[in-house]
$ cat structure.txt   # compact mmCIF, C-alpha atoms
# COMPACT_ATOMS: atom_id res chain seq x y z
CA MET Z 28 -36.75 -31.04 -59.77
CA LYS Z 29 -37.16 -27.42 -58.83
CA LYS Z 30 -39.43 -28.44 -55.95
CA LYS Z 31 -36.82 -30.88 -54.62
CA LYS Z 32 -34.14 -28.15 -54.71
CA LEU Z 33 -36.38 -25.81 -52.73
CA ILE Z 34 -37.04 -28.47 -50.08
CA LYS Z 35 -33.31 -29.28 -49.83
CA SER Z 36 -32.50 -25.57 -49.49
CA PHE Z 37 -35.08 -25.21 -46.72
CA PHE Z 38 -33.64 -28.06 -44.66
CA LEU Z 39 -30.05 -26.77 -45.11
CA SER Z 40 -31.10 -23.32 -43.88
CA PHE Z 41 -32.96 -24.83 -40.92
CA ALA Z 42 -29.89 -26.92 -39.97
CA ALA Z 43 -27.70 -23.81 -40.13
CA LEU Z 44 -30.03 -21.97 -37.78
CA ILE Z 45 -29.83 -24.83 -35.25
CA ILE Z 46 -26.01 -24.79 -35.37
CA LEU Z 47 -25.90 -21.02 -34.93
CA SER Z 48 -28.32 -21.24 -31.99
CA ALA Z 49 -26.16 -23.90 -30.35
CA CYS Z 50 -23.05 -21.76 -30.76
CA GLY Z 51 -24.84 -18.75 -29.30
CA SER Z 52 -25.98 -20.83 -26.36
CA GLY Z 53 -22.40 -21.96 -25.72
CA GLU Z 54 -21.14 -18.39 -25.71
CA SER Z 55 -23.83 -17.36 -23.25
CA SER Z 56 -22.92 -20.13 -20.78
CA SER Z 57 -19.29 -18.99 -20.72
CA THR Z 58 -19.94 -15.30 -20.12
CA SER Z 59 -18.42 -13.61 -17.09
CA LYS Z 60 -20.30 -12.90 -13.86
CA ASN Z 61 -20.44 -9.20 -14.77
CA ASP Z 62 -21.95 -9.92 -18.20
CA GLU Z 63 -24.63 -12.12 -16.63
CA ASN Z 64 -25.33 -9.53 -13.96
CA THR Z 65 -25.98 -6.83 -16.55
CA ASN Z 66 -29.35 -8.40 -17.37
CA ASN Z 67 -30.18 -9.75 -13.92
CA GLU Z 68 -32.37 -7.48 -11.84
CA ASN Z 69 -31.81 -9.68 -8.76
CA ILE Z 70 -28.12 -8.78 -8.50
CA THR Z 71 -27.31 -6.33 -5.70
CA LYS Z 72 -24.56 -3.86 -6.56
CA ILE Z 73 -22.13 -3.24 -3.69
CA LYS Z 74 -19.85 -0.20 -3.51
CA VAL Z 75 -16.57 -1.22 -1.89
CA ALA Z 76 -14.42 1.77 -0.91
CA PHE Z 77 -10.68 1.25 -0.46
CA THR Z 78 -7.79 3.58 0.32
CA MET Z 79 -5.85 4.25 -2.86
CA GLY Z 80 -2.35 4.70 -1.37
CA GLY Z 81 -1.98 1.86 1.11
CA LYS Z 82 0.28 -0.53 -0.83
CA PRO Z 83 0.41 -3.52 -0.39
CA ILE Z 84 -2.89 -3.55 1.56
CA THR Z 85 -5.09 -1.45 -0.73
CA TYR Z 86 -3.91 0.62 -3.69
CA VAL Z 87 -4.34 1.38 -7.37
CA ASP Z 88 -1.77 -0.45 -9.51
CA ASP Z 89 0.12 0.92 -12.51
CA ASP Z 90 -2.71 -0.10 -14.82
CA GLY Z 91 -5.29 1.77 -12.77
CA ASN Z 92 -6.81 -1.36 -11.23
CA PRO Z 93 -7.71 -1.91 -7.55
CA ALA Z 94 -5.07 -4.08 -5.88
CA GLY Z 95 -3.71 -5.25 -2.54
CA TYR Z 96 -4.42 -7.92 0.08
CA ASP Z 97 -7.73 -6.47 1.29
CA VAL Z 98 -8.96 -5.94 -2.28
CA ASP Z 99 -8.07 -9.47 -3.37
CA ALA Z 100 -9.63 -10.95 -0.23
CA MET Z 101 -12.88 -9.12 -1.00
CA LYS Z 102 -12.70 -10.36 -4.60
CA LEU Z 103 -12.77 -13.90 -3.21
CA ILE Z 104 -15.99 -12.94 -1.40
CA ASP Z 105 -17.42 -11.47 -4.61
CA GLU Z 106 -16.73 -14.71 -6.48
CA LYS Z 107 -18.72 -16.69 -3.90
CA LEU Z 108 -21.70 -14.34 -3.70
CA GLU Z 109 -23.66 -14.86 -6.92
CA ASP Z 110 -26.37 -12.43 -5.84
CA TYR Z 111 -23.92 -9.55 -5.41
CA GLU Z 112 -21.64 -7.59 -7.70
CA PHE Z 113 -18.81 -5.50 -6.21
CA GLU Z 114 -17.62 -2.13 -7.51
CA PHE Z 115 -14.25 -1.15 -6.03
CA ILE Z 116 -13.87 2.61 -5.50
CA PRO Z 117 -10.49 4.18 -4.56
CA THR Z 118 -10.59 7.03 -2.05
CA SER Z 119 -8.88 8.58 0.99
CA ASP Z 120 -8.93 7.32 4.60
CA GLU Z 121 -11.20 10.13 5.71
CA ASP Z 122 -13.67 9.83 2.83
CA LEU Z 123 -13.87 6.06 3.29
CA LEU Z 124 -14.82 6.36 6.96
CA ILE Z 125 -17.30 9.18 6.43
CA GLY Z 126 -18.67 7.61 3.25
CA VAL Z 127 -19.35 4.20 4.79
CA GLU Z 128 -20.95 5.77 7.86
CA GLN Z 129 -23.26 7.95 5.75
CA GLY Z 130 -24.11 5.27 3.18
CA LYS Z 131 -22.15 6.66 0.24
CA TYR Z 132 -20.33 3.32 0.27
CA ASP Z 133 -21.69 -0.03 1.43
CA VAL Z 134 -18.41 -1.34 2.81
CA GLY Z 135 -14.87 -0.06 3.29
CA ILE Z 136 -11.51 -1.85 3.42
CA LYS Z 137 -8.31 -0.26 4.72
CA ASN Z 138 -6.54 -2.60 7.15
CA THR Z 139 -9.13 -1.57 9.74
CA PHE Z 140 -8.65 -2.45 13.42
CA PHE Z 141 -11.71 -2.97 15.61
CA THR Z 142 -12.45 -0.34 18.25
CA GLU Z 143 -15.52 0.18 20.44
CA GLU Z 144 -15.79 3.74 19.11
CA ARG Z 145 -15.91 2.49 15.53
CA GLU Z 146 -18.51 -0.13 16.42
CA LYS Z 147 -20.87 2.75 17.25
CA LYS Z 148 -20.59 4.04 13.68
CA PHE Z 149 -20.07 0.92 11.61
CA LEU Z 150 -21.32 -2.64 11.35
CA PHE Z 151 -18.52 -5.15 11.96
CA PRO Z 152 -19.05 -8.69 10.62
CA ASN Z 153 -18.34 -11.84 12.62
CA GLU Z 154 -15.49 -12.95 10.37
CA PHE Z 155 -12.33 -10.86 10.10
CA LEU Z 156 -10.64 -10.14 6.76
CA GLY Z 157 -6.94 -10.43 7.55
CA LEU Z 158 -4.11 -9.83 9.99
CA SER Z 159 -1.69 -6.96 10.39
CA SER Z 160 1.66 -6.61 12.13
CA ALA Z 161 1.76 -3.47 14.32
CA GLY Z 162 5.07 -2.12 15.55
CA ILE Z 163 7.26 0.83 16.42
CA LEU Z 164 9.39 2.58 13.81
CA LEU Z 165 12.66 3.83 15.31
CA LYS Z 166 16.09 5.08 14.43
CA LYS Z 167 18.64 2.29 14.15
CA GLU Z 168 20.36 3.47 17.33
CA ASN Z 169 17.15 2.74 19.27
CA GLU Z 170 16.52 -0.76 17.91
CA HIS Z 171 16.78 -2.14 21.45
CA ILE Z 172 13.26 -0.74 22.04
CA LYS Z 173 11.10 -3.80 21.39
CA ASP Z 174 7.63 -2.79 22.56
CA LEU Z 175 5.49 -0.01 24.02
CA SER Z 176 6.69 -0.80 27.53
CA ASP Z 177 10.34 -0.24 26.53
CA PHE Z 178 9.36 2.92 24.65
CA ALA Z 179 7.52 4.37 27.64
CA ALA Z 180 10.25 3.40 30.11
CA GLU Z 181 12.79 5.51 28.20
CA ASP Z 182 10.39 8.48 28.15
CA MET Z 183 10.48 8.68 24.36
CA SER Z 184 8.29 10.91 22.20
CA LEU Z 185 5.77 9.37 19.81
CA ALA Z 186 4.73 10.82 16.45
CA PRO Z 187 1.16 12.20 16.72
CA ILE Z 188 -1.78 9.99 15.76
CA ALA Z 189 -5.31 11.18 15.01
CA ALA Z 190 -7.77 10.11 17.70
CA SER Z 191 -9.93 8.58 14.93
CA ASN Z 192 -7.04 6.33 13.88
CA ALA Z 193 -7.23 2.87 15.50
CA GLN Z 194 -3.48 3.03 16.14
CA TYR Z 195 -4.27 5.74 18.67
CA THR Z 196 -6.67 3.33 20.40
CA VAL Z 197 -4.01 0.60 20.51
CA VAL Z 198 -1.62 2.90 22.39
CA GLU Z 199 -4.44 4.25 24.55
CA GLU Z 200 -5.37 0.70 25.57
CA TYR Z 201 -1.76 0.05 26.53
CA ASN Z 202 -1.73 3.21 28.68
CA GLU Z 203 -4.94 2.22 30.43
CA ALA Z 204 -3.46 -1.17 31.24
CA ASN Z 205 -0.12 0.33 32.32
CA PRO Z 206 -0.86 3.58 34.21
CA ASP Z 207 2.56 3.54 35.89
CA ASN Z 208 4.44 3.37 32.60
CA PRO Z 209 2.39 5.22 29.95
CA VAL Z 210 3.45 6.23 26.45
CA LYS Z 211 3.26 9.97 25.73
CA LEU Z 212 0.29 9.94 23.39
CA VAL Z 213 -0.48 13.06 21.34
CA ALA Z 214 -3.59 13.35 19.17
CA GLY Z 215 -2.72 14.73 15.74
CA ASP Z 216 -4.78 16.85 13.40
CA GLU Z 217 -4.20 14.55 10.42
CA PHE Z 218 -5.46 10.97 10.20
CA SER Z 219 -1.87 9.80 9.73
CA VAL Z 220 1.51 11.50 9.50
CA ASP Z 221 4.62 10.49 7.59
CA VAL Z 222 6.12 8.44 10.43
CA VAL Z 223 9.36 7.66 8.57
CA GLN Z 224 9.99 11.34 7.98
CA TRP Z 225 9.12 12.33 11.54
CA VAL Z 226 11.52 9.80 13.02
CA ASN Z 227 14.31 10.37 10.52
CA GLU Z 228 14.20 14.14 11.04
CA GLY Z 229 14.15 13.75 14.83
CA ARG Z 230 10.71 15.29 15.32
CA ALA Z 231 9.76 12.15 17.25
CA ASP Z 232 11.74 9.29 18.74
CA GLY Z 233 9.38 6.74 17.24
CA GLY Z 234 6.04 6.18 15.58
CA ILE Z 235 3.42 3.48 15.29
CA SER Z 236 3.50 1.74 11.94
CA ILE Z 237 2.50 -1.52 10.34
CA GLU Z 238 5.03 -3.87 8.81
CA ALA Z 239 3.45 -3.98 5.36
CA ALA Z 240 3.69 -0.19 5.06
CA PHE Z 241 7.24 -0.12 6.44
CA ASN Z 242 8.35 -2.71 3.91
CA ALA Z 243 6.68 -0.84 1.03
CA GLN Z 244 8.23 2.48 2.05
CA VAL Z 245 11.66 1.46 3.33
CA VAL Z 246 12.63 -2.16 2.71
CA ASN Z 247 11.57 -2.51 -0.93
CA GLU Z 248 14.12 -1.21 -3.39
CA ASP Z 249 11.53 0.95 -5.13
CA GLY Z 250 10.24 2.36 -1.83
CA PRO Z 251 10.33 6.18 -1.41
CA TYR Z 252 12.53 5.85 1.71
CA HIS Z 253 14.72 2.92 0.68
CA ASN Z 254 17.71 5.23 1.13
CA LEU Z 255 16.98 5.03 4.88
CA VAL Z 256 16.94 1.22 5.05
CA ASP Z 257 20.09 1.23 7.21
CA ASP Z 258 18.96 4.17 9.37
CA VAL Z 259 15.52 3.13 10.64
CA VAL Z 260 14.07 -0.14 12.00
CA TYR Z 261 10.66 -1.66 12.61
CA ASN Z 262 9.99 -3.69 15.76
CA GLU Z 263 6.70 -5.59 15.91
CA PHE Z 264 4.82 -5.56 19.22
CA ALA Z 265 1.50 -7.11 18.15
CA VAL Z 266 -0.39 -8.93 15.40
CA ILE Z 267 -3.94 -7.60 15.09
CA LYS Z 268 -7.02 -8.76 13.19
CA THR Z 269 -8.28 -6.48 10.44
CA TRP Z 270 -11.86 -6.04 9.29
CA PRO Z 271 -14.09 -4.71 6.54
CA ILE Z 272 -16.49 -2.08 7.90
CA PHE Z 273 -20.11 -2.06 6.71
CA ASN Z 274 -22.73 0.66 6.68
CA LYS Z 275 -25.17 0.06 9.53
CA ASN Z 276 -27.97 -0.72 7.03
CA GLN Z 277 -26.03 -3.57 5.39
CA GLN Z 278 -26.78 -6.38 7.84
CA GLU Z 279 -28.04 -8.73 5.13
CA PHE Z 280 -24.89 -8.20 3.08
CA ALA Z 281 -22.71 -8.60 6.19
CA ASP Z 282 -24.39 -11.94 6.87
CA ALA Z 283 -23.67 -13.04 3.31
CA TYR Z 284 -20.06 -11.93 3.72
CA ASP Z 285 -19.76 -13.97 6.93
CA GLU Z 286 -21.04 -17.11 5.25
CA ALA Z 287 -18.66 -16.74 2.32
CA MET Z 288 -15.66 -15.84 4.49
CA ALA Z 289 -16.24 -18.81 6.79
CA GLU Z 290 -15.94 -21.06 3.73
CA ILE Z 291 -12.83 -19.27 2.46
CA GLN Z 292 -11.13 -19.59 5.85
CA GLN Z 293 -11.34 -23.38 5.48
CA THR Z 294 -8.90 -23.12 2.56
CA ASP Z 295 -5.38 -21.73 2.13
CA ALA Z 296 -6.58 -18.86 -0.07
CA LEU Z 297 -5.99 -16.07 2.47
CA SER Z 298 -2.56 -17.40 3.44
CA GLU Z 299 -1.61 -17.45 -0.23
CA LEU Z 300 -2.76 -13.84 -0.64
CA MET Z 301 -0.75 -12.83 2.41
CA LEU Z 302 2.39 -14.45 1.06
CA GLU Z 303 1.81 -12.75 -2.28
CA HIS Z 304 1.28 -9.25 -0.88
CA TYR Z 305 3.19 -9.28 2.44
CA GLY Z 306 5.87 -11.89 1.85
CA LYS Z 307 4.86 -13.70 5.06
CA ASP Z 308 1.84 -15.57 6.38
CA LEU Z 309 0.57 -14.00 9.60
CA PHE Z 310 -2.10 -16.69 9.87
CA GLU Z 311 0.67 -18.91 11.21
CA VAL Z 312 0.48 -16.97 14.51
CA LEU Z 313 -3.33 -16.62 14.60
CA ASP Z 314 -3.52 -18.68 17.82
CA THR Z 315 -1.54 -15.98 19.65
CA VAL Z 316 -3.63 -13.04 18.40
CA ASN Z 317 -5.79 -11.57 21.16
CA ARG Z 318 -7.09 -8.39 19.51
$ encode --input "structure.txt" --output "structure tokens"
Amino acid sequence: MKKKKLIKSFFLSFAALIILSACGSGESSSTSKNDENTNNENITKIKVAFTMGGKPITYVDDDGNPAGYDVDAMKLIDEKLEDYEFEFIPTSDEDLLIGVEQGKYDVGIKNTFFTEEREKKFLFPNEFLGLSSAGILLKKENEHIKDLSDFAAEDMSLAPIAASNAQYTVVEEYNEANPDNPVKLVAGDEFSVDVVQWVNEGRADGGISIEAAFNAQVVNEDGPYHNLVDDVVYNEFAVIKTWPIFNKNQQEFADAYDEAMAEIQQTDALSELMLEHYGKDLFEVLDTVNR
């Protein structure tokens, strides 16, 4: 009798071990990508720098998490690339550009426009990340100024733009194409100035801005300049493609990005992100975008 009890006890213990092993196996199969990557030496860690104060494009939310259109678009890439794990690092415009160029970061996102000068320093992928509305911020009394041609024709002054800022290149390209009606372009010492403040205080007649930033600063009720919503206007003059910029040594990663982004562009995922963050889908006018 005692022997039978011992045998029964052995089989019960063995069955329990099998059940526990099965449960453990189930938990392992449902772990997150990050948990799996912890023990996978084949995963390549990617440092993704983003500007921390560019809401709704790239910013840090109230809970301290990376957020914005560019960030969420890159998260879609991360989900597709099983051999890569992204670490999002908030920083300034200047540190992002210098850091990506020098290899401190692998890739940077900040609503970046393509320029030939930047192509000398950074690796641009084949597939763009998003679209941005570029325009002129003006006082309400000057809302009849619709584009750079109108602005130049009235001999208006433009808020300074750093030569390293792609907005400077956009205006410079206009001037090169229109030598008889150029915009007064002044290179500033800072990467970007507070355009709303410059225009409101009369230090400049207008300034180059992007619609997403204008809405975040002026149109939104919680914007820092919402009190000026009836005093300043934004007039779009172009929709421009935006890009992630890669360190020159990241060709393999850039190729992986291209493959993933090409798949994502076959879905409505980016349009949905744009509606979520910008309140409008600029992909609807993609056929008219020439830059």
$ closest_residue --input "structure.txt" --among "Z:Leu212, Z:Val226, Z:Met101, Z:Val245" --to "Phe155 (chain Z)" --atoms "only C-alpha atoms"
Z:Met101
$ atom_distance --input "structure.txt" --atom1 "CA of Leu164 (chain Z)" --atom2 "CA of Asp308 (chain Z)"
21.0 Å
$ atom_distance --input "structure.txt" --atom1 "CA of Thr118 (chain Z)" --atom2 "CA of Met79 (chain Z)"
5.6 Å
$ closest_residue --input "structure.txt" --among "Z:Asn208, Z:Gln292, Z:Asn192, Z:Ser236" --to "Thr139 (chain Z)" --atoms "only C-alpha atoms"
Z:Asn192
$ closest_residue --input "structure.txt" --among "Z:Asp221, Z:Asp207, Z:Glu228, Z:Asp88" --to "Phe241 (chain Z)" --atoms "only C-alpha atoms"
Z:Asp221
$ residues_near_point --input "structure.txt" --point "(-3.3, 1.8, -1.7)" --cutoff "9 Å" --atoms "all atoms listed in the file" --output "number ranges by chain"
Z: 77-88, 93-95, 117-118, 137
$ closest_residue --input "structure.txt" --among "Z:Glu311, Z:Glu170, Z:Asp282, Z:Asp232" --to "Asp257 (chain Z)" --atoms "all atoms listed in the file"
Z:Glu170
$ atom_distance --input "structure.txt" --atom1 "CA of Lys166 (chain Z)" --atom2 "CA of Glu248 (chain Z)"
19.0 Å
$ closest_residue --input "structure.txt" --among "Z:Asp110, Z:Lys102, Z:Gly250, Z:Tyr195" --to "Asn69 (chain Z)" --atoms "all atoms listed in the file"
Z:Asp110
$ residues_around --input "structure.txt" --residues "Tyr201 (chain Z)" --least-positions-apart "3" --cutoff "12 Å" --atoms "only C-alpha atoms" --output "ChimeraX atom specification"
/Z:174-176,178-179,194-198,204-212,264-265
$ residues_near_point --input "structure.txt" --point "(7.6, 11.1, 23.2)" --cutoff "7 Å" --atoms "all atoms listed in the file" --output "list in words"
Asp182, Met183, Ser184, Leu185, Lys211, Ala231 and Asp232 of chain Z
$ residues_around --input "structure.txt" --residues "Val222 (chain Z)" --least-positions-apart "2" --cutoff "7 Å" --atoms "all atoms listed in the file" --output "JSON, numbers by chain"
{"Z": [186, 220, 224, 225, 226, 234]}
$ closest_residue --input "structure.txt" --among "Z:Phe151, Z:Glu143, Z:Ile104, Z:Glu121" --to "Asn276 (chain Z)" --atoms "all atoms listed in the file"
Z:Phe151
$ residues_around --input "structure.txt" --residues "Ile125 (chain Z)" --least-positions-apart "2" --cutoff "12 Å" --atoms "all atoms listed in the file" --output "number ranges by chain"
Z: 76, 118-123, 127-135, 145, 148-149, 191, 272-274
$ residues_around --input "structure.txt" --residues "Phe113 (chain Z)" --least-positions-apart "6" --cutoff "8 Å" --atoms "only C-alpha atoms" --output "list in words"
Lys72, Ile73, Lys74, Val75, Lys102 and Asp105 of chain Z
